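Engineer: Coordinates in query.cif, mmCIF, C-alpha atoms, are listed below.
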```cif
data_start
loop_
_atom_site.group_PDB
_atom_site.id
_atom_site.type_symbol
_atom_site.label_atom_id
_atom_site.label_comp_id
_atom_site.auth_asym_id
_atom_site.auth_seq_id
_atom_site.Cartn_x
_atom_site.Cartn_y
_atom_site.Cartn_z
ATOM 1 C CA MET A 296 36.022 140.063 -139.548
ATOM 2 C CA ARG A 297 36.909 143.172 -137.569
ATOM 3 C CA LYS A 298 35.744 141.532 -134.322
ATOM 4 C CA PHE A 299 37.972 138.531 -135.073
ATOM 5 C CA ILE A 300 41.030 140.728 -135.580
ATOM 6 C CA LEU A 301 40.311 142.818 -132.492
ATOM 7 C CA SER A 302 39.839 139.660 -130.419
ATOM 8 C CA LEU A 303 43.145 138.373 -131.707
ATOM 9 C CA VAL A 304 44.931 141.598 -130.838
ATOM 10 C CA PHE A 305 43.504 141.720 -127.333
ATOM 11 C CA ALA A 306 44.481 138.087 -126.763
ATOM 12 C CA LEU A 307 48.017 138.924 -127.830
ATOM 13 C CA ILE A 308 48.277 141.823 -125.393
ATOM 14 C CA ALA A 309 49.271 139.293 -122.748
ATOM 15 C CA LEU A 310 52.498 138.398 -124.569
ATOM 16 C CA PRO A 311 55.555 139.280 -122.465
ATOM 17 C CA SER A 312 56.956 142.058 -124.638
ATOM 18 C CA PHE A 313 53.529 143.774 -124.834
ATOM 19 C CA SER A 314 52.026 143.222 -121.442
ATOM 20 C CA GLN A 315 50.781 146.260 -119.569
ATOM 21 C CA THR A 316 51.065 144.692 -116.146
ATOM 22 C CA LYS A 317 54.065 143.081 -114.555
ATOM 23 C CA LYS A 318 51.923 140.275 -113.106
ATOM 24 C CA ASP A 319 50.588 139.252 -116.524
ATOM 25 C CA GLU A 320 54.045 139.526 -118.010
ATOM 26 C CA VAL A 321 55.552 137.225 -115.403
ATOM 27 C CA ALA A 322 52.831 134.611 -115.891
ATOM 28 C CA ILE A 323 53.108 134.586 -119.675
ATOM 29 C CA PHE A 324 56.910 134.554 -119.629
ATOM 30 C CA GLN A 325 56.885 131.624 -117.212
ATOM 31 C CA ASN A 326 54.524 129.776 -119.526
ATOM 32 C CA ALA A 327 56.686 130.402 -122.598
ATOM 33 C CA PHE A 328 60.127 129.906 -121.074
ATOM 34 C CA GLY A 329 59.409 127.873 -117.942
ATOM 35 C CA ILE A 330 60.731 130.431 -115.443
ATOM 36 C CA GLU A 331 60.461 134.123 -114.603
ATOM 37 C CA LYS A 332 62.484 136.415 -116.832
ATOM 38 C CA ARG A 333 64.625 137.769 -114.004
ATOM 39 C CA THR A 334 65.418 134.196 -112.922
ATOM 40 C CA LEU A 335 66.389 133.355 -116.497
ATOM 41 C CA ILE A 336 68.746 136.330 -116.560
ATOM 42 C CA GLU A 337 70.149 135.500 -113.104
ATOM 43 C CA ASN A 338 70.813 131.894 -114.137
ATOM 44 C CA ASN A 339 72.600 132.861 -117.330
ATOM 45 C CA MET A 340 74.572 135.938 -116.319
ATOM 46 C CA LYS A 341 77.845 135.832 -114.418
ATOM 47 C CA VAL A 342 77.548 139.129 -112.567
ATOM 48 C CA ASP A 343 80.206 139.728 -109.948
ATOM 49 C CA GLU A 344 78.575 140.161 -106.560
ATOM 50 C CA SER A 345 80.249 143.553 -106.095
ATOM 51 C CA LYS A 346 78.576 144.807 -109.278
ATOM 52 C CA ALA A 347 75.217 143.063 -108.920
ATOM 53 C CA ALA A 348 73.329 146.006 -107.401
ATOM 54 C CA GLU A 349 74.374 148.337 -110.213
ATOM 55 C CA PHE A 350 73.628 145.687 -112.855
ATOM 56 C CA TRP A 351 70.108 145.045 -111.515
ATOM 57 C CA LYS A 352 69.429 148.781 -111.375
ATOM 58 C CA LEU A 353 70.345 149.018 -115.071
ATOM 59 C CA TYR A 354 68.227 145.936 -115.740
ATOM 60 C CA GLU A 355 65.144 147.517 -114.126
ATOM 61 C CA THR A 356 65.670 150.716 -116.112
ATOM 62 C CA TYR A 357 65.945 148.615 -119.267
ATOM 63 C CA GLU A 358 62.784 146.647 -118.432
ATOM 64 C CA ASN A 359 60.769 149.825 -117.843
ATOM 65 C CA SER A 360 61.862 151.204 -121.214
ATOM 66 C CA ARG A 361 61.227 147.880 -122.955
ATOM 67 C CA ARG A 362 57.694 147.730 -121.561
ATOM 68 C CA ALA A 363 56.992 151.271 -122.772
ATOM 69 C CA ILE A 364 58.189 150.343 -126.266
ATOM 70 C CA GLY A 365 56.038 147.210 -126.131
ATOM 71 C CA LEU A 366 53.012 149.317 -125.269
ATOM 72 C CA LYS A 367 53.640 151.489 -128.342
ATOM 73 C CA ARG A 368 53.847 148.338 -130.456
ATOM 74 C CA ILE A 369 50.564 146.972 -129.160
ATOM 75 C CA GLN A 370 48.864 150.345 -129.686
ATOM 76 C CA ASN A 371 50.052 150.271 -133.287
ATOM 77 C CA ILE A 372 48.803 146.703 -133.749
ATOM 78 C CA THR A 373 45.446 147.761 -132.322
ATOM 79 C CA LYS A 374 45.322 150.604 -134.837
ATOM 80 C CA TYR A 375 46.139 148.083 -137.578
ATOM 81 C CA ALA A 376 43.269 145.850 -136.443
ATOM 82 C CA GLU A 377 40.806 148.738 -136.211
ATOM 83 C CA ASN A 378 41.609 149.826 -139.763
ATOM 84 C CA TYR A 379 42.226 146.416 -141.320
ATOM 85 C CA GLU A 380 39.201 146.435 -143.614
ATOM 86 C CA ASN A 381 39.535 150.068 -144.678
ATOM 87 C CA PHE A 382 43.200 150.946 -145.088
ATOM 88 C CA THR A 383 43.902 154.262 -146.721
ATOM 89 C CA PRO A 384 47.340 155.183 -148.056
ATOM 90 C CA GLU A 385 47.699 157.745 -145.271
ATOM 91 C CA GLY A 386 46.559 155.325 -142.593
ATOM 92 C CA ILE A 387 48.850 152.506 -143.648
ATOM 93 C CA ASN A 388 51.739 154.973 -143.976
ATOM 94 C CA ALA A 389 51.181 156.054 -140.364
ATOM 95 C CA ILE A 390 50.983 152.451 -139.140
ATOM 96 C CA MET A 391 54.159 151.475 -141.003
ATOM 97 C CA LYS A 392 56.017 154.560 -139.779
ATOM 98 C CA ASN A 393 55.037 153.707 -136.202
ATOM 99 C CA ALA A 394 56.079 150.060 -136.633
ATOM 100 C CA LEU A 395 59.468 151.058 -137.997
ATOM 101 C CA ASP A 396 59.931 153.713 -135.296
ATOM 102 C CA VAL A 397 59.165 151.143 -132.592
ATOM 103 C CA GLN A 398 61.746 148.771 -134.050
ATOM 104 C CA LYS A 399 64.341 151.571 -134.180
ATOM 105 C CA GLU A 400 63.519 152.459 -130.586
ATOM 106 C CA MET A 401 64.054 148.841 -129.510
ATOM 107 C CA THR A 402 67.367 148.643 -131.359
ATOM 108 C CA SER A 403 68.439 151.941 -129.808
ATOM 109 C CA LEU A 404 67.511 150.652 -126.343
ATOM 110 C CA TRP A 405 69.667 147.563 -126.880
ATOM 111 C CA GLY A 406 72.578 149.760 -127.966
ATOM 112 C CA SER A 407 72.376 152.175 -125.059
ATOM 113 C CA THR A 408 71.835 149.362 -122.565
ATOM 114 C CA TYR A 409 74.843 147.469 -123.908
ATOM 115 C CA LYS A 410 76.991 150.585 -123.622
ATOM 116 C CA LYS A 411 75.909 151.217 -120.009
ATOM 117 C CA MET A 412 76.147 147.574 -118.940
ATOM 118 C CA SER A 413 79.580 147.059 -120.491
ATOM 119 C CA LYS A 414 80.871 149.740 -118.125
ATOM 120 C CA VAL A 415 79.467 147.869 -115.127
ATOM 121 C CA ILE A 416 80.020 144.244 -116.144
ATOM 122 C CA THR A 417 82.360 142.900 -118.802
ATOM 123 C CA PRO A 418 81.573 143.658 -122.444
ATOM 124 C CA VAL A 419 81.205 139.899 -123.002
ATOM 125 C CA GLU A 420 78.560 139.612 -120.260
ATOM 126 C CA ALA A 421 76.810 142.780 -121.502
ATOM 127 C CA ALA A 422 76.719 141.295 -125.014
ATOM 128 C CA LYS A 423 75.364 138.056 -123.568
ATOM 129 C CA PHE A 424 72.554 140.012 -121.898
ATOM 130 C CA ILE A 425 71.648 141.832 -125.127
ATOM 131 C CA GLN A 426 71.841 138.576 -127.087
ATOM 132 C CA ALA A 427 69.360 136.981 -124.662
ATOM 133 C CA GLU A 428 67.060 140.001 -124.905
ATOM 134 C CA MET A 429 67.165 139.868 -128.702
ATOM 135 C CA TYR A 430 66.292 136.182 -128.623
ATOM 136 C CA ILE A 431 63.353 136.778 -126.278
ATOM 137 C CA GLU A 432 62.105 139.760 -128.316
ATOM 138 C CA ASN A 433 62.363 137.858 -131.596
ATOM 139 C CA THR A 434 60.600 134.820 -130.140
ATOM 140 C CA ILE A 435 57.713 137.005 -129.008
ATOM 141 C CA ARG A 436 57.591 138.943 -132.296
ATOM 142 C CA GLN A 437 57.535 135.704 -134.289
ATOM 143 C CA ALA A 438 54.613 134.374 -132.244
ATOM 144 C CA LEU A 439 52.781 137.639 -132.839
ATOM 145 C CA LEU A 440 53.536 137.752 -136.554
ATOM 146 C CA GLU A 441 52.207 134.235 -137.007
ATOM 147 C CA GLN A 442 48.835 135.352 -135.660
ATOM 148 C CA VAL A 443 48.389 138.805 -137.206
ATOM 149 C CA PRO A 444 46.971 138.575 -140.731
ATOM 150 C CA LEU A 445 48.731 140.157 -143.660
ATOM 151 C CA ILE A 446 46.978 142.992 -145.440
ATOM 152 C CA GLY A 447 44.196 141.516 -147.556
ATOM 153 C CA GLU A 448 44.652 137.976 -146.205
ATOM 154 C CA LEU A 449 41.214 137.795 -144.574
ATOM 155 C CA ARG A 450 39.194 139.169 -147.470
#
```
Take the structure in the file and write it out as structure tokens.

Structural biologist:
Amino acid sequence: MRKFILSLVFALIALPSFSQTKKDEVAIFQNAFGIEKRTLIENNMKVDESKAAEFWKLYETYENSRRAIGLKRIQNITKYAENYENFTPEGINAIMKNALDVQKEMTSLWGSTYKKMSKVITPVEAAKFIQAEMYIENTIRQALLEQVPLIGELR
């Protein structure tokens, strides 16, 4: 059972929000959405050419932070898989705290990114960017949640 869960977790590492390498992330994102993420953003954002350089700098900063948060999430999922058959109250408390902290960190990143981007591009366009990011994140999380067993489900 443990090998099954670990195999599942390692297979899921390639999901866009959790990928450790940009190359893997691009390939998986293209598979899920049909195009590269940056191209998706370019096609859907109306960034004034005079502000494009500053916008894309903020975008890269955002992406680096998002990837780091994704890595924390996958580390927590790996810990979940490693302890799946032998959860202790302390262990599950630590896993849940980490999961909730990761979600708070993601929400905080969206908030700070929106604030910074709305100073560079219009608040409407900044909101559009965050809305797209939330959609992508939730799509990835849903795919992950459908494959990670609930506590006690595999017993």

Engineer: For a test of reading the model, state the distance in Å between CA of Ala363 (chain A) and CA of Leu395 (chain A), rounded to one decimal.

Structural biologist: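 Atom-to-atom, CA of Ala363 (chain A) and CA of Leu395 (chain A) are spaced 15.4 Å apart.
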
Engineer: Which residues are close to Asp343 (chain A), i.e. within 12 Å by all atoms listed in the file, leaving aside same-chain residues fewer than 4 positions away? Reply as a ChimeraX atom specification.

Structural biologist: /A:337,347-351,415-417,420

Engineer: Put those residues in a file: C-alpha atoms, as a PDB file, in the coordinates of the input.

Structural biologist:
```pdb
ATOM      1  CA  GLU A 337      70.149 135.500-113.104  1.00  0.00           C
ATOM      2  CA  ALA A 347      75.217 143.063-108.920  1.00  0.00           C
ATOM      3  CA  ALA A 348      73.329 146.006-107.401  1.00  0.00           C
ATOM      4  CA  GLU A 349      74.374 148.337-110.213  1.00  0.00           C
ATOM      5  CA  PHE A 350      73.628 145.687-112.855  1.00  0.00           C
ATOM      6  CA  TRP A 351      70.108 145.045-111.515  1.00  0.00           C
ATOM      7  CA  VAL A 415      79.467 147.869-115.127  1.00  0.00           C
ATOM      8  CA  ILE A 416      80.020 144.244-116.144  1.00  0.00           C
ATOM      9  CA  THR A 417      82.360 142.900-118.802  1.00  0.00           C
ATOM     10  CA  GLU A 420      78.560 139.612-120.260  1.00  0.00           C
TER      11      GLU A 420
END
```

Engineer: My list of candidates is A:Ile369, A:Ala376, A:Met391, A:Ala421. Which is closest to Arg436 (chain A) when distances are computed with only C-alpha atoms?

Structural biologist: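 Between A:Ile369, A:Ala376, A:Met391, A:Ala421, the residue approaching Arg436 (chain A) most closely is A:Ile369.
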
Engineer: Quick one, how far is CA of Thr434 (chain A) from CA of Ala389 (chain A)?

Structural biologist: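 Calculated distance between CA of Thr434 (chain A) and CA of Ala389 (chain A) is 25.4 Å.
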
Engineer: Can you work out the spacing between CA of Glu432 (chain A) and CA of Ser345 (chain A) in Å, to one decimal?

Structural biologist: 28.9 Å

Engineer: Can you spell out as a PyMOL selection string the set of residues that the PyMOL selection byres ((chain A and resi 401) around 12) selects in the structure I just provided?

Structural biologist: chain A and resi 312+357-358+360-368+394-400+402-408+425+428-429+432-433

Engineer: Fewer than 4 positions away in the same chain doesn't count, so skip those; otherwise give me all residues within 10 Å of Tyr375 (chain A), counting all atoms listed in the file, as a CSV table (one decimal) with C-alpha atoms, keeping the file's coordinate frame.

Structural biologist:
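Writing done, so here's selection-v2.csv:
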```csv
chain,number,residue,atom,x,y,z
A,300,ILE,CA,41.0,140.7,-135.6
A,301,LEU,CA,40.3,142.8,-132.5
A,304,VAL,CA,44.9,141.6,-130.8
A,369,ILE,CA,50.6,147.0,-129.2
A,370,GLN,CA,48.9,150.3,-129.7
A,371,ASN,CA,50.1,150.3,-133.3
A,379,TYR,CA,42.2,146.4,-141.3
A,380,GLU,CA,39.2,146.4,-143.6
A,381,ASN,CA,39.5,150.1,-144.7
A,382,PHE,CA,43.2,150.9,-145.1
A,386,GLY,CA,46.6,155.3,-142.6
A,387,ILE,CA,48.8,152.5,-143.6
A,389,ALA,CA,51.2,156.1,-140.4
A,390,ILE,CA,51.0,152.5,-139.1
A,391,MET,CA,54.2,151.5,-141.0
A,443,VAL,CA,48.4,138.8,-137.2
A,446,ILE,CA,47.0,143.0,-145.4
```

Engineer: Which residue gives the smallest distance to Lys332 (chain A) among A:Ala427, A:Leu353, A:Ile372, A:Ala422, with all atoms listed in the file counted?

Structural biologist: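 Ranking A:Ala427, A:Leu353, A:Ile372, A:Ala422 by distance to Lys332 (chain A), first place goes to A:Ala427.
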